[in-house]
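Engineer: What follows is upload39.csv, CSV, C-alpha atoms.
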chain,number,residue,atom,x,y,z
S,1,MET,CA,155.0,56.8,119.6
S,2,ALA,CA,156.1,59.3,117.0
S,3,ASP,CA,153.6,57.8,114.6
S,4,MET,CA,150.8,58.1,117.2
S,5,ALA,CA,151.8,61.7,117.9
S,6,GLU,CA,151.8,62.5,114.2
S,7,HIS,CA,148.4,60.8,113.9
S,8,ALA,CA,147.1,62.9,116.8
S,9,LYS,CA,148.3,66.1,115.1
S,10,LEU,CA,146.6,65.2,111.9
S,11,GLY,CA,143.4,64.4,113.8
S,12,ASP,CA,143.6,67.7,115.5
S,13,LEU,CA,144.0,69.5,112.2
S,14,HIS,CA,141.1,67.6,110.7
S,15,MET,CA,138.8,68.5,113.7
S,16,SER,CA,140.0,72.1,113.5
S,17,ASP,CA,139.3,72.2,109.8
S,18,SER,CA,135.8,70.6,110.2
S,19,SER,CA,135.0,73.1,113.0
S,20,ARG,CA,136.0,76.0,110.8
S,21,ARG,CA,133.8,74.7,108.0
S,22,ARG,CA,130.8,74.3,110.4
S,23,THR,CA,131.4,77.9,111.7
S,24,ARG,CA,131.5,79.3,108.1
S,25,PHE,CA,128.4,77.3,107.2
S,26,ALA,CA,126.5,78.5,110.3
S,27,ARG,CA,127.6,82.1,109.5
S,28,ARG,CA,126.3,81.9,105.9
S,29,LEU,CA,123.1,80.3,107.1
S,30,SER,CA,122.5,83.1,109.6
S,31,TRP,CA,123.0,85.7,106.9
S,32,LEU,CA,120.5,83.8,104.6
S,33,VAL,CA,117.9,83.8,107.4
S,34,VAL,CA,118.4,87.5,108.0
S,35,ALA,CA,118.2,88.2,104.3
S,36,ALA,CA,115.0,86.2,103.9
S,37,LEU,CA,113.4,88.0,106.9
S,38,THR,CA,114.4,91.3,105.4
S,39,VAL,CA,112.8,90.5,102.0
S,40,THR,CA,109.7,89.3,103.7
S,41,ALA,CA,109.4,92.6,105.7
S,42,LEU,CA,110.0,94.7,102.6
S,43,VAL,CA,107.7,93.0,100.1
S,44,PRO,CA,104.1,94.0,100.8
S,45,VAL,CA,101.3,91.3,101.0
S,46,PRO,CA,98.7,92.1,98.3
S,47,ALA,CA,95.2,93.0,99.7
S,48,PHE,CA,93.5,91.2,96.9
S,49,ALA,CA,93.3,87.6,95.6
S,50,ILE,CA,93.2,86.4,92.0
S,51,HIS,CA,90.2,84.2,91.4
S,52,SER,CA,92.1,81.6,89.5
S,53,GLN,CA,93.0,80.3,93.0
S,54,ASP,CA,89.3,79.7,93.7
S,55,PRO,CA,87.6,79.1,90.4
S,56,THR,CA,84.2,78.2,92.0
S,57,SER,CA,83.6,81.6,93.5
S,58,ALA,CA,82.9,84.4,91.0
S,59,PRO,CA,84.9,82.9,88.2
S,60,ASN,CA,84.4,85.9,85.9
S,61,ALA,CA,85.9,88.4,88.4
S,62,GLU,CA,89.5,89.4,87.9
S,63,SER,CA,90.1,89.7,91.6
S,64,HIS,CA,88.4,90.4,94.9
S,65,ILE,CA,89.2,92.6,97.9
S,66,ILE,CA,88.1,91.9,101.5
S,67,VAL,CA,87.4,95.1,103.4
S,68,ASP,CA,86.3,96.1,106.9
S,69,GLY,CA,82.8,97.4,107.5
S,70,SER,CA,80.2,98.6,105.2
S,71,GLN,CA,81.3,99.8,101.7
S,72,THR,CA,79.7,101.8,98.9
S,73,CYS,CA,80.5,102.4,95.3
S,74,GLY,CA,81.4,106.0,96.1
S,75,LYS,CA,79.3,109.0,95.4
S,76,ASP,CA,79.8,110.4,91.8
S,77,VAL,CA,82.6,107.8,91.2
S,78,TYR,CA,80.7,105.4,88.9
S,79,PHE,CA,78.2,106.0,86.1
S,80,PHE,CA,75.5,104.2,88.0
S,81,ASP,CA,75.0,102.0,91.1
S,82,PHE,CA,72.3,99.7,92.3
S,83,LYS,CA,71.8,98.4,95.8
S,84,ILE,CA,69.9,95.4,97.1
S,85,ASP,CA,69.1,95.7,100.8
S,86,GLY,CA,69.0,92.4,102.7
S,87,THR,CA,69.7,88.9,101.2
S,88,PRO,CA,69.2,88.8,97.4
S,89,VAL,CA,66.2,86.9,96.1
S,90,ASN,CA,65.7,85.3,92.7
S,91,ASP,CA,64.5,88.0,90.4
S,92,VAL,CA,64.5,87.8,86.6
S,93,LEU,CA,62.6,90.6,84.8
S,94,PRO,CA,62.5,91.0,81.0
S,95,SER,CA,62.4,94.7,81.1
S,96,ASP,CA,62.2,97.0,84.2
S,97,ASN,CA,64.0,99.6,86.1
S,98,ASP,CA,65.9,96.7,87.8
S,99,PRO,CA,69.2,96.4,85.8
S,100,ILE,CA,70.2,93.1,87.5
S,101,ASP,CA,68.8,89.6,87.3
S,102,ILE,CA,69.5,87.4,90.4
S,103,THR,CA,69.4,83.6,90.3
S,104,ASN,CA,70.4,80.7,92.5
S,105,ALA,CA,70.2,83.0,95.6
S,106,THR,CA,70.8,81.7,99.1
S,107,GLN,CA,71.6,83.4,102.4
S,108,PHE,CA,75.3,83.2,101.5
S,109,SER,CA,75.7,83.3,97.7
S,110,PHE,CA,74.0,84.2,94.4
S,111,ASP,CA,74.4,84.5,90.7
S,112,TRP,CA,74.0,87.8,88.8
S,113,ALA,CA,73.5,89.0,85.2
S,114,ILE,CA,72.9,92.4,83.7
S,115,ASN,CA,69.3,92.5,82.6
S,116,ALA,CA,69.0,92.2,78.8
S,117,ALA,CA,67.3,95.6,78.5
S,118,PHE,CA,70.5,97.2,80.0
S,119,LEU,CA,73.3,95.3,78.2
S,120,GLU,CA,73.9,98.3,75.8
S,121,THR,CA,73.8,100.8,78.7
S,122,TYR,CA,76.1,99.5,81.4
S,123,ASP,CA,79.3,97.6,82.0
S,124,MET,CA,79.9,96.0,85.4
S,125,ALA,CA,82.8,97.4,87.4
S,126,ALA,CA,82.4,95.9,90.9
S,127,VAL,CA,80.0,94.1,93.1
S,128,ILE,CA,80.1,94.6,96.9
S,129,VAL,CA,78.8,91.8,99.0
S,130,LYS,CA,78.4,92.7,102.7
S,131,GLY,CA,78.0,90.2,105.5
S,132,GLY,CA,78.9,90.3,109.1
S,133,ASP,CA,81.7,92.8,109.9
S,134,ASP,CA,83.3,92.6,106.4
S,135,ALA,CA,82.5,93.0,102.8
S,136,ILE,CA,84.0,91.3,99.6
S,137,VAL,CA,84.4,93.6,96.6
S,138,TYR,CA,84.5,91.6,93.4
S,139,ILE,CA,86.4,93.5,90.6
S,140,TYR,CA,85.4,93.3,86.9
S,141,ASN,CA,87.8,94.8,84.3
S,142,ASP,CA,86.5,93.1,81.2
S,143,PRO,CA,83.6,94.9,79.5
S,144,GLY,CA,82.4,91.5,78.5
S,145,ASP,CA,81.7,90.6,82.1
S,146,ASP,CA,77.9,90.8,81.9
S,147,SER,CA,77.2,88.0,84.5
S,148,ASP,CA,78.9,85.9,87.1
S,149,THR,CA,78.1,83.0,89.4
S,150,ASN,CA,78.5,82.0,93.1
S,151,LEU,CA,79.4,85.4,94.6
S,152,GLN,CA,79.8,84.7,98.3
S,153,SER,CA,79.6,86.6,101.5
S,154,PRO,CA,82.6,87.0,103.8
S,155,SER,CA,83.4,84.6,106.6
S,156,ASN,CA,82.4,85.4,110.1
S,157,GLY,CA,84.8,83.7,112.4
S,158,ASN,CA,84.5,80.0,111.7
S,159,ASN,CA,81.2,80.4,109.8
S,160,GLN,CA,80.0,82.2,106.7
S,161,ALA,CA,78.1,85.4,107.3
S,162,GLU,CA,74.6,85.9,105.9
S,163,ILE,CA,74.5,88.5,103.2
S,164,SER,CA,73.2,91.8,104.6
S,165,HIS,CA,73.2,93.8,101.3
S,166,VAL,CA,74.7,93.9,97.8
S,167,GLU,CA,75.8,96.9,95.8
S,168,PHE,CA,76.5,96.9,92.0
S,169,CYS,CA,78.9,99.5,90.6
S,170,PHE,CA,78.4,100.2,86.8
S,171,ASN,CA,80.5,102.0,84.2
S,172,GLU,CA,78.9,103.5,81.2
S,173,LYS,CA,78.9,101.1,78.3
S,174,GLY,CA,82.1,101.1,76.3
S,175,LYS,CA,83.7,103.8,78.5
S,176,PRO,CA,86.5,102.9,81.0
S,177,GLY,CA,85.7,103.8,84.5
S,178,PRO,CA,87.8,104.4,87.6
S,179,THR,CA,89.8,101.7,89.3
S,180,PRO,CA,87.3,100.3,91.8
S,181,THR,CA,88.2,101.7,95.2
S,182,PRO,CA,85.1,101.3,97.4
S,183,THR,CA,84.7,103.9,100.1
S,184,PRO,CA,83.8,103.1,103.7
S,185,THR,CA,80.4,104.3,105.0
S,186,ALA,CA,81.0,107.2,107.2
S,187,SER,CA,80.6,106.6,110.9
S,188,PRO,CA,78.4,109.0,112.9
S,189,PRO,CA,80.5,111.7,114.7
S,190,ALA,CA,81.2,111.1,118.3
S,191,SER,CA,79.3,113.1,120.8
S,192,PRO,CA,81.4,116.0,122.3
S,193,PRO,CA,82.5,115.5,125.9
S,194,PRO,CA,80.4,117.4,128.5
S,195,ALA,CA,81.7,120.8,129.5
S,196,PRO,CA,83.4,120.9,132.9
S,197,THR,CA,81.4,122.3,135.7
S,198,PRO,CA,82.9,125.7,136.7
S,199,ALA,CA,84.4,125.9,140.2
S,200,PRO,CA,82.4,128.1,142.7
S,201,THR,CA,83.9,131.6,143.2
S,202,PRO,CA,85.1,131.9,146.8
S,203,ALA,CA,83.2,134.5,148.9
Reformat the file's structure so that it appears as structure tokens.
Structural biologist:
Amino acid sequence: MADMAEHAKLGDLHMSDSSRRRTRFARRLSWLVVAALTVTALVPVPAFAIHSQDPTSAPNAESHIIVDGSQTCGKDVYFFDFKIDGTPVNDVLPSDNDPIDITNATQFSFDWAINAAFLETYDMAAVIVKGGDDAIVYIYNDPGDDSDTNLQSPSNGNNQAEISHVEFCFNEKGKPGPTPTPTPTASPPASPPPAPTPAPTPA
């Protein structure tokens, strides 16, 4: 009986020790979860994507930004800007006022190249592709980025939006320009509320 009692005591001690270890492990795990959630809350999620993650779309662009609404290059921000209203169409001109050649154009994507007549005049800084409610801004930091392929329109829910317009933002050749920060197109001011009708003066 004494041996059984002694065995019971050792078992109790073992269970107590295991329980304490489980408690300490659970406590440490809870702190790790709290720490992980805190780091996730403090580290901002970048608003851009590096194109190495999607090499088939605009492989020459350093990054792209998805923005809400219509965007423009920004007045007096870039050396020159050029806009195509509507879906781009294939257009290659040897020399003209059109600084951009468009090829492989569809309703949802296109290729671009700086026209040969303007290669010594402009460097590409950004290309804004608008479709649906959003726009994708493709960023070009390398002065050697004189062309790119498969620029795409934003998604529109489960589908890809048709391109509604494209804007090209240029820097002067050989001169660094500003960091591309497209500006939203201003919304028309809201109409003022009607003036209240004055109460009649009692007689």
Engineer: Applying 6 Å and only C-alpha atoms, which residues near Asn171 in chain S remain after dropping the ones on its own chain fewer than 6 positions away? List them as a PyMOL selection string.
Structural biologist: chain S and resi 78-79+122-123+177
Engineer: I need the residue nearest Gln160 in chain S from this list: S:Asn141, S:Asn97, S:Ser109, S:Thr56. Use all atoms listed in the file for the distance.
Structural biologist: S:Ser109
Engineer: To one decimal place in Å, what is the distance between CA of Ile102 in chain S and CA of Asp146 in chain S?
Structural biologist: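 According to the coordinates, CA of Ile102 in chain S and CA of Asp146 in chain S are separated by 12.4 Å.
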Engineer: May I ask which of the residues S:Phe170, S:Ser153, S:Asp111, S:Ala135 is the closest one to Phe80 in chain S, counting all atoms listed in the file?
Structural biologist: S:Phe170
Engineer: When you draw a straight line from CA of Cys73 in chain S to CA of Gly157 in chain S, how long is it in Å?
Structural biologist: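 So the two atoms, CA of Cys73 in chain S and CA of Gly157 in chain S, lie 25.7 Å apart.
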Engineer: Which is closest to Phe110 in chain S among S:Ser63, S:Ser147, S:Gln152, S:Asn158, if we use all atoms listed in the file?
Structural biologist: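 Using all atoms listed in the file, the shortest distance to Phe110 in chain S belongs to S:Gln152.
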Engineer: Calculated over all atoms listed in the file, which of the candidates S:Asp98, S:Glu120, S:Asp148, S:Glu162 has the smallest distance to Gly174 in chain S?
Structural biologist: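 For Gly174 in chain S, the nearest of the candidates is S:Glu120.
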Engineer: May I ask which of the residues S:Ile100, S:Thr87, S:Ala113, S:Ala61 is the closest one to Ala125 in chain S, counting all atoms listed in the file?
Structural biologist: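 Going through S:Ile100, S:Thr87, S:Ala113, S:Ala61 one by one, the smallest distance to Ala125 in chain S is for S:Ala61.
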Engineer: So how far away is CA of Gly131 in chain S from CA of Ser164 in chain S, in Å?
Structural biologist: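 Going from CA of Ser164 in chain S over to CA of Gly131 in chain S, I get 5.1 Å.
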Engineer: Can you tell me, as an MDAnalysis selection string, what residues are no more than 7 Å from Pro99 in chain S when counting all atoms listed in the file, ignoring any on the same chain fewer than 5 positions away?
Structural biologist: chainID S and resid 114:115 118
Engineer: Go through S:Glu62, S:Asp145, S:Glu172, S:Asp68 and flag the residue nearest Trp112 in chain S, using all atoms listed in the file for the distances.
Structural biologist: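 So, comparing all the options, the nearest one is S:Asp145.
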Engineer: Can you tell me, as a list of chain:residue names, what residues are no more than 7 Å from Ile66 in chain S when counting all atoms listed in the file, ignoring any on the same chain fewer than 6 positions away?
Structural biologist: S:Asp134, S:Ala135, S:Ile136, S:Val137
Engineer: Write the selection just made, keeping C-alpha atoms, as a tab-separated table (two decimals), in the coordinates of the input?
Structural biologist:
chain	number	residue	atom	x	y	z
S	134	ASP	CA	83.30	92.60	106.40
S	135	ALA	CA	82.50	93.00	102.80
S	136	ILE	CA	84.00	91.30	99.60
S	137	VAL	CA	84.40	93.60	96.60
